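Student: Pasting model-v8.txt here (compact mmCIF, C-alpha atoms):
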```txt
# COMPACT_ATOMS: atom_id res chain seq x y z
CA MET A 5 0.00 0.00 0.00
CA LYS A 6 1.24 3.49 -0.90
CA CYS A 7 1.00 6.52 1.38
CA THR A 8 -1.61 8.17 -0.89
CA GLU A 9 -3.76 5.04 -0.67
CA PHE A 10 -3.41 5.11 3.08
CA LEU A 11 -4.50 8.76 3.21
CA ASN A 12 -7.54 8.02 1.07
CA GLU A 13 -8.67 5.43 3.61
CA LEU A 14 -7.73 7.46 6.69
CA THR A 15 -11.22 8.78 7.43
CA ASN A 16 -12.80 5.35 7.10
CA TYR A 17 -10.05 3.90 9.30
CA LEU A 18 -10.46 6.51 12.04
CA ASP A 19 -14.23 6.07 11.93
CA GLY A 20 -13.92 2.29 12.08
CA VAL A 21 -15.93 1.71 8.92
CA ILE A 22 -13.58 -0.47 6.88
CA ASP A 23 -13.53 -4.18 6.23
CA ASP A 24 -11.04 -6.39 8.07
CA ARG A 25 -8.82 -6.95 5.06
CA THR A 26 -8.36 -3.22 4.33
CA LYS A 27 -7.82 -2.55 8.01
CA SER A 28 -5.10 -5.17 8.12
CA GLU A 29 -3.39 -3.62 5.05
CA LEU A 30 -3.57 -0.17 6.64
CA GLU A 31 -2.06 -1.41 9.87
CA ASP A 32 0.72 -3.19 7.99
CA HIS A 33 1.49 0.14 6.34
CA LEU A 34 1.40 1.97 9.68
CA ALA A 35 3.86 -0.52 11.14
CA TRP A 36 6.66 0.55 8.80
CA CYS A 37 5.69 4.04 7.58
CA HIS A 38 6.46 6.47 10.39
CA ASN A 39 5.11 9.51 8.53
CA CYS A 40 1.70 7.92 8.00
CA TYR A 41 1.68 6.78 11.61
CA VAL A 42 2.27 10.36 12.76
CA VAL A 43 -0.34 11.78 10.36
CA CYS A 44 -2.87 9.21 11.55
CA ASP A 45 -2.10 9.84 15.23
CA THR A 46 -2.18 13.64 15.00
CA THR A 47 -5.35 13.58 12.89
CA ARG A 48 -6.99 11.52 15.62
CA LYS A 49 -5.75 14.03 18.20
CA THR A 50 -7.10 16.89 16.06
CA ILE A 51 -10.58 15.37 16.15
CA GLU A 52 -10.41 14.59 19.86
CA ILE A 53 -9.15 18.01 20.85
CA TYR A 54 -11.96 19.81 18.98
CA ARG A 55 -14.48 17.45 20.50
CA ASN A 56 -13.11 17.85 24.01
CA GLN A 57 -12.75 21.62 24.01
CA GLU A 58 -16.36 22.39 22.98
CA LEU A 59 -15.78 25.81 21.46
CA TYR A 60 -18.67 28.29 21.45
CA GLU A 61 -20.56 27.15 24.50
CA LEU A 62 -23.86 28.96 24.94
CA PRO A 63 -23.73 30.96 28.20
CA ASP A 64 -26.65 30.30 30.58
CA ASP A 65 -27.93 33.90 30.63
CA LEU A 66 -27.92 34.19 26.85
CA ARG A 67 -29.46 30.75 26.59
CA GLY A 68 -32.33 31.80 28.85
CA ARG A 69 -32.95 34.95 26.81
CA LEU A 70 -32.93 33.02 23.54
CA GLN A 71 -35.33 30.39 24.82
CA THR A 72 -37.74 33.07 26.05
CA ALA A 73 -37.52 34.94 22.73
CA ILE A 74 -38.05 31.77 20.68
CA MET A 75 -41.12 30.64 22.62
CA SER A 76 -42.62 34.12 22.62
CA LYS A 77 -42.19 34.36 18.83
CA CYS A 78 -43.72 30.90 18.44
CA THR A 79 -46.74 31.97 20.49
CA ALA A 80 -47.11 35.12 18.39
CA HIS A 81 -46.82 33.03 15.26
CA LYS A 82 -49.55 30.67 16.44
CA LYS A 83 -51.91 33.58 17.13
CA SER A 84 -51.23 35.37 13.86
CA GLY A 85 -51.18 32.38 11.52
CA PRO A 86 -48.55 30.54 9.49
CA GLU A 87 -48.17 33.19 6.78
CA LYS A 88 -46.12 35.33 9.17
CA VAL A 89 -43.13 32.97 9.25
CA MET B 19 -4.94 2.16 16.73
CA SER B 20 -8.60 1.91 17.57
CA ALA B 21 -11.44 3.75 15.86
CA ILE B 22 -12.63 7.03 17.33
CA GLN B 23 -15.88 6.60 19.22
CA PRO B 24 -18.68 8.81 17.90
CA ASN B 25 -19.75 11.73 20.02
CA VAL B 26 -23.23 10.85 21.25
CA GLN B 27 -24.02 13.91 23.32
CA GLN B 28 -27.15 14.83 21.39
CA GLN B 29 -28.33 11.33 20.60
CA GLN B 30 -31.65 10.43 22.19
CA PRO B 31 -33.95 7.47 21.63
CA VAL B 32 -35.73 8.31 18.41
CA SER B 33 -39.14 7.11 19.49
CA GLU B 34 -39.15 9.30 22.60
CA GLU B 35 -38.05 12.29 20.55
CA MET B 36 -40.59 11.60 17.84
CA GLU B 37 -43.29 11.55 20.48
CA LEU B 38 -42.22 15.07 21.48
CA VAL B 39 -42.36 16.13 17.83
CA ARG B 40 -45.84 14.67 17.42
CA ARG B 41 -47.06 16.45 20.55
CA ALA B 42 -45.60 19.69 19.21
CA LYS B 43 -47.34 19.11 15.89
CA ARG B 44 -50.63 18.78 17.76
CA GLY B 45 -50.04 22.21 19.27
CA ASP B 46 -48.34 21.33 22.56
CA ASP B 47 -45.85 24.18 22.93
CA SER B 48 -44.28 22.66 26.03
CA ALA B 49 -43.16 19.75 23.85
CA PHE B 50 -41.60 22.14 21.35
CA GLU B 51 -39.93 24.01 24.20
CA GLU B 52 -38.36 20.73 25.30
CA LEU B 53 -36.96 20.30 21.78
CA VAL B 54 -35.54 23.83 21.96
CA ARG B 55 -33.86 23.05 25.30
CA ARG B 56 -32.52 19.81 23.91
CA TYR B 57 -30.82 21.30 20.86
CA ASP B 58 -30.28 25.03 21.34
CA ARG B 59 -26.66 24.58 22.41
CA ASN B 60 -25.90 22.46 19.35
CA VAL B 61 -27.59 24.89 16.96
CA PHE B 62 -25.73 27.82 18.52
CA ARG B 63 -22.38 26.05 18.17
CA ILE B 64 -23.00 25.08 14.56
CA ALA B 65 -24.21 28.58 13.71
CA GLN B 66 -21.21 30.26 15.28
CA HIS B 67 -18.80 27.91 13.56
CA ILE B 68 -20.36 28.74 10.18
CA THR B 69 -21.00 32.48 10.60
CA GLN B 70 -18.02 33.19 12.88
CA ASN B 71 -20.12 35.93 14.40
CA ARG B 72 -21.86 35.86 17.77
CA GLU B 73 -24.81 38.09 16.86
CA ASP B 74 -25.46 36.14 13.68
CA ALA B 75 -25.33 32.90 15.64
CA GLU B 76 -27.94 34.22 18.10
CA ASP B 77 -30.19 35.19 15.19
CA VAL B 78 -29.70 31.81 13.55
CA VAL B 79 -30.78 30.01 16.73
CA GLN B 80 -33.98 32.05 16.94
CA ASP B 81 -34.82 31.90 13.25
CA ALA B 82 -34.02 28.20 12.87
CA PHE B 83 -36.32 27.21 15.75
CA LEU B 84 -39.05 29.58 14.60
CA LYS B 85 -38.84 28.17 11.09
CA ALA B 86 -38.93 24.63 12.46
CA TYR B 87 -42.00 25.55 14.55
CA GLY B 88 -43.77 27.10 11.57
CA ASN B 89 -42.98 24.18 9.29
CA LEU B 90 -43.40 21.31 11.71
CA ALA B 91 -46.35 19.97 9.73
CA GLN B 92 -44.03 19.52 6.74
CA PHE B 93 -41.54 17.42 8.72
CA GLN B 94 -42.16 13.95 7.34
CA GLU B 95 -40.45 12.08 10.19
CA GLN B 96 -38.21 10.21 7.75
CA SER B 97 -35.10 11.53 9.47
CA LYS B 98 -34.37 12.50 13.05
CA PHE B 99 -35.84 15.84 14.08
CA TYR B 100 -32.32 17.01 14.93
CA THR B 101 -31.05 16.29 11.40
CA TRP B 102 -33.98 18.24 9.95
CA LEU B 103 -33.33 21.11 12.38
CA VAL B 104 -29.61 21.19 11.53
CA ARG B 105 -30.49 21.45 7.85
CA ILE B 106 -32.62 24.52 8.57
CA ALA B 107 -29.94 26.03 10.82
CA VAL B 108 -27.11 25.47 8.29
CA ASN B 109 -29.14 27.18 5.56
CA GLU B 110 -29.90 30.14 7.84
CA ALA B 111 -26.25 30.40 8.85
CA LEU B 112 -24.97 30.27 5.26
CA MET B 113 -27.49 32.94 4.29
CA ARG B 114 -26.11 35.24 6.98
CA LEU B 115 -22.53 34.49 6.01
CA ARG B 116 -23.33 35.46 2.42
CA ARG B 117 -24.85 38.72 3.62
CA ARG B 118 -21.71 39.57 5.55
CA ARG B 119 -19.41 38.59 2.72
CA PRO B 120 -21.25 39.64 -0.43
CA GLU B 121 -17.96 39.89 -2.29
CA ARG B 122 -17.38 36.17 -1.90
CA THR B 123 -19.41 33.25 -3.09
CA VAL B 124 -20.29 31.15 -0.07
CA SER B 125 -21.54 27.67 -0.66
CA LEU B 126 -20.90 24.16 0.49
CA ASP B 127 -19.41 23.40 -2.91
CA GLU B 128 -16.66 26.00 -2.93
CA ASP B 129 -12.98 25.23 -2.56
CA VAL B 130 -13.29 21.64 -3.64
CA LYS B 131 -11.15 21.97 -6.76
CA THR B 132 -7.66 22.21 -5.29
CA GLU B 133 -6.21 18.75 -4.94
CA ASP B 134 -2.99 19.06 -3.00
CA ASP B 135 -4.01 21.35 -0.14
CA SER B 136 -4.56 18.45 2.22
CA LEU B 137 -1.35 16.56 1.62
CA PRO B 138 0.66 16.35 4.85
CA ARG B 139 3.80 18.45 5.04
CA GLU B 140 4.30 18.68 8.78
CA VAL B 141 4.83 15.18 10.07
CA ALA B 142 6.47 15.59 13.46
CA ASP B 143 4.44 14.11 16.29
CA TRP B 144 2.68 16.17 18.97
CA SER B 145 4.12 15.19 22.27
CA PRO B 146 3.27 15.91 25.00
CA ASN B 147 -0.44 16.26 24.41
CA PRO B 148 -1.35 19.89 23.46
CA GLU B 149 -4.14 19.84 26.06
CA GLN B 150 -1.41 19.57 28.70
CA MET B 151 0.92 22.12 27.08
CA TYR B 152 -1.45 25.07 26.86
CA ASN B 153 -3.93 26.57 29.27
CA GLN B 154 -7.53 26.31 28.14
CA SER B 155 -7.83 29.91 26.99
CA GLU B 156 -4.68 29.69 24.82
CA LEU B 157 -5.76 26.37 23.41
CA ARG B 158 -9.27 27.55 22.54
CA ASP B 159 -7.82 30.61 20.84
CA ILE B 160 -5.59 28.41 18.68
CA LEU B 161 -8.43 26.01 17.86
CA THR B 162 -10.85 28.83 17.03
CA ARG B 163 -8.43 30.66 14.75
CA THR B 164 -7.40 27.45 13.06
CA ILE B 165 -10.89 26.23 12.21
CA GLN B 166 -11.90 29.71 11.09
CA GLY B 167 -9.23 29.44 8.39
CA LEU B 168 -11.00 26.51 6.73
CA PRO B 169 -13.40 27.13 3.83
CA PRO B 170 -17.05 27.13 5.03
CA GLY B 171 -17.86 23.89 3.22
CA PHE B 172 -15.05 22.03 4.96
CA ARG B 173 -15.57 23.42 8.44
CA THR B 174 -19.32 22.78 8.28
CA VAL B 175 -18.79 19.10 7.47
CA PHE B 176 -16.12 18.80 10.19
CA VAL B 177 -18.32 20.46 12.81
CA LEU B 178 -21.39 18.35 12.04
CA ARG B 179 -19.51 15.10 11.76
CA ASP B 180 -16.70 15.38 14.30
CA VAL B 181 -17.86 17.99 16.81
CA GLU B 182 -21.61 17.38 16.87
CA GLY B 183 -21.35 13.67 16.20
CA LEU B 184 -23.78 13.30 13.30
CA SER B 185 -23.23 10.17 11.24
CA THR B 186 -21.95 10.45 7.68
CA GLU B 187 -25.47 9.71 6.42
CA GLU B 188 -27.06 12.34 8.70
CA THR B 189 -24.46 14.91 7.66
CA ALA B 190 -25.21 14.16 4.01
CA GLN B 191 -28.95 14.60 4.67
CA ALA B 192 -28.48 17.83 6.60
CA LEU B 193 -26.22 19.38 3.97
CA GLU B 194 -27.95 17.86 0.92
CA LEU B 195 -24.65 16.35 -0.19
CA SER B 196 -23.85 12.83 -1.37
CA ILE B 197 -22.12 10.48 1.06
CA PRO B 198 -18.90 10.42 -1.05
CA ALA B 199 -18.92 14.24 -1.05
CA VAL B 200 -19.23 14.30 2.76
CA LYS B 201 -16.41 11.78 3.14
CA SER B 202 -14.16 13.66 0.76
CA ARG B 203 -14.72 17.00 2.52
CA LEU B 204 -14.33 15.42 5.93
CA LEU B 205 -10.98 13.87 5.04
CA ARG B 206 -9.65 17.13 3.67
CA ALA B 207 -11.02 19.15 6.58
CA ARG B 208 -9.39 16.81 9.08
CA LEU B 209 -6.06 16.83 7.25
CA GLN B 210 -6.03 20.60 6.81
CA LEU B 211 -6.82 21.17 10.49
CA ARG B 212 -4.14 18.70 11.48
CA GLU B 213 -1.63 20.44 9.23
CA ARG B 214 -2.43 23.89 10.61
CA LEU B 215 -2.43 22.75 14.23
CA SER B 216 0.92 21.02 13.69
CA ARG B 217 2.50 24.40 13.06
CA PHE B 218 1.56 25.45 16.60
CA PHE B 219 2.13 22.23 18.40
CA GLN B 220 5.44 21.36 16.74
CA LYS B 221 6.90 24.80 17.29
CA ARG B 222 6.05 24.71 20.95
CA GLN B 223 7.53 21.25 21.21
CA ASN B 224 10.72 22.47 19.54
CA GLY B 225 11.00 25.34 22.00
CA GLY B 226 10.19 27.97 19.35
CA GLY B 227 7.82 29.91 21.60
CA GLU B 228 5.79 31.00 18.58
CA LYS B 229 2.40 30.05 19.86
CA SER B 230 1.09 33.62 19.78
CA SER B 231 2.41 34.60 16.39
CA GLY B 232 -0.58 33.31 14.39
CA ASP B 233 -0.53 30.63 11.75
CA GLY B 234 -0.39 32.94 8.78
CA ASP B 235 -3.66 31.73 7.29
CA GLN B 236 -6.09 34.24 8.71
```
For the structure just supplied, provide its representation as structure tokens.

Tutor:
Amino acid sequence: MKCTEFLNELTNYLDGVIDDRTKSELEDHLAWCHNCYVVCDTTRKTIEIYRNQELYELPDDLRGRLQTAIMSKCTAHKKSGPEKV
Amino acid sequence: MSAIQPNVQQQQPVSEEMELVRRAKRGDDSAFEELVRRYDRNVFRIAQHITQNREDAEDVVQDAFLKAYGNLAQFQEQSKFYTWLVRIAVNEALMRLRRRRPERTVSLDEDVKTEDDSLPREVADWSPNPEQMYNQSELRDILTRTIQGLPPGFRTVFVLRDVEGLSTEETAQALELSIPAVKSRLLRARLQLRERLSRFFQKRQNGGGEKSSGDGDQ
């Protein structure tokens, strides 16, 4: 397996959606190709770090205001009819 | 290496959620309010990732839920409510992004022509773990600036798939893209983010002290 072939399968490999034979070929490649090993490992860390850090959390006070605004607009919409949306 | 486990933070039993949707369709606003509480954080996060603007993200949250409320009767229940809601929210967010950047074409199809932008160049490992090397504020600043440098079509797929934990099929439904198109964008988004983050994390590892100098892509 070439490095470009490995890269093409990287997403499927990280997501665990490849057949056993392809997985075995990928892992054989990883065993001797240090660059692909590093790319695979740091790509996995990239995904995990974005997932763990949870950027753009909605602050509680803003969340409360938004919920109130949404439900009040929904109530107004119900009273005035669907053509207003 | 083992496969990454999907993020399941917003996953709920479909039947229980569909019951809420059906109650909301019958006019039970408390059921709709529960759906708002369940997904407002997710919609806000997606909207801010796409628009990169706090006020726009607040507007997207309100408009997406109001649009969902007004069109609930048209929801055919052939997908999860959340997937349908995300589709509405993404469209609202892209519309606002286009308004703010009228000089640029903004679509999910842009920036898919270049072929070599995702090929790895930086291949040194990150060690120790960046989450232990930086304080949370520094790290979030790096992550935010880095993902903002991705084209909208790439960062939207990455956020839905890897941050919000939608499946490939759900992401394709929400963005009206084919599954191969989602996979292709996801691979390139992941590789581009990895490449850009490597510039920070390798430099720090090598004692360069350049963590605050920017990555040159903004």

Student: Using only C-alpha atoms and a cut-off of 6 Å, which residues of chain B sit close to chain A? Please list them as a compact mmCIF listing (two decimals) with C-alpha atoms, in the coordinates of the input.

Tutor:
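Dumped everything to result.txt:
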```txt
# COMPACT_ATOMS: atom_id res chain seq x y z
CA ALA B 21 -11.44 3.75 15.86
CA ILE B 22 -12.63 7.03 17.33
CA ARG B 59 -26.66 24.58 22.41
CA ARG B 63 -22.38 26.05 18.17
CA GLN B 80 -33.98 32.05 16.94
CA VAL B 141 4.83 15.18 10.07
CA ASP B 143 4.44 14.11 16.29
CA VAL B 181 -17.86 17.99 16.81
CA LEU B 205 -10.98 13.87 5.04
CA ARG B 212 -4.14 18.70 11.48
```

Student: If you measure from CA of Glu76 (chain B) to CA of Ile160 (chain B), what distance in Å do you get, rounded to one decimal?

Tutor: 23.1 Å

Student: With a distance cut-off of 9 Å and all atoms listed in the file, select the neighbouring residues of Lys98 (chain B), excluding the residue or stretch itself and same-chain residues fewer than 4 positions from it, and output the selection as a VMD selection string.

Tutor: chain B and resid 32 35 to 36 102 to 103 188

Student: Between CA of Asp159 (chain B) and CA of Arg217 (chain B), what is the distance in Å, rounded to a tenth?

Tutor: 14.3 Å

Student: Could you please give me, as a ChimeraX atom specification, the residues of protein, DNA or RNA lying at most 9 Å from (-42.1, 24.9, 23.2) in the coordinate frame of the file, considering only C-alpha atoms?

Tutor: /A:71,74-75,78-79 /B:42,46-55,87

Student: Could you work out how far CA of Glu73 (chain B) lies from CA of Leu193 (chain B), giving the answer in Å with one decimal?

Tutor: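 For CA of Leu193 (chain B) relative to CA of Glu73 (chain B), the distance reads 22.8 Å.
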
Student: Could you work out an axis-aligned bounding box for all listed atoms of region 69-87 of chain A, with 8 Å added on each of the six sides, and give its centre and edge lengths in Å to one decimal, as JSON?

Tutor:
```
{"center_x": -42.4, "center_y": 32.9, "center_z": 16.8, "size_x": 35.0, "size_y": 21.0, "size_z": 36.0}
```
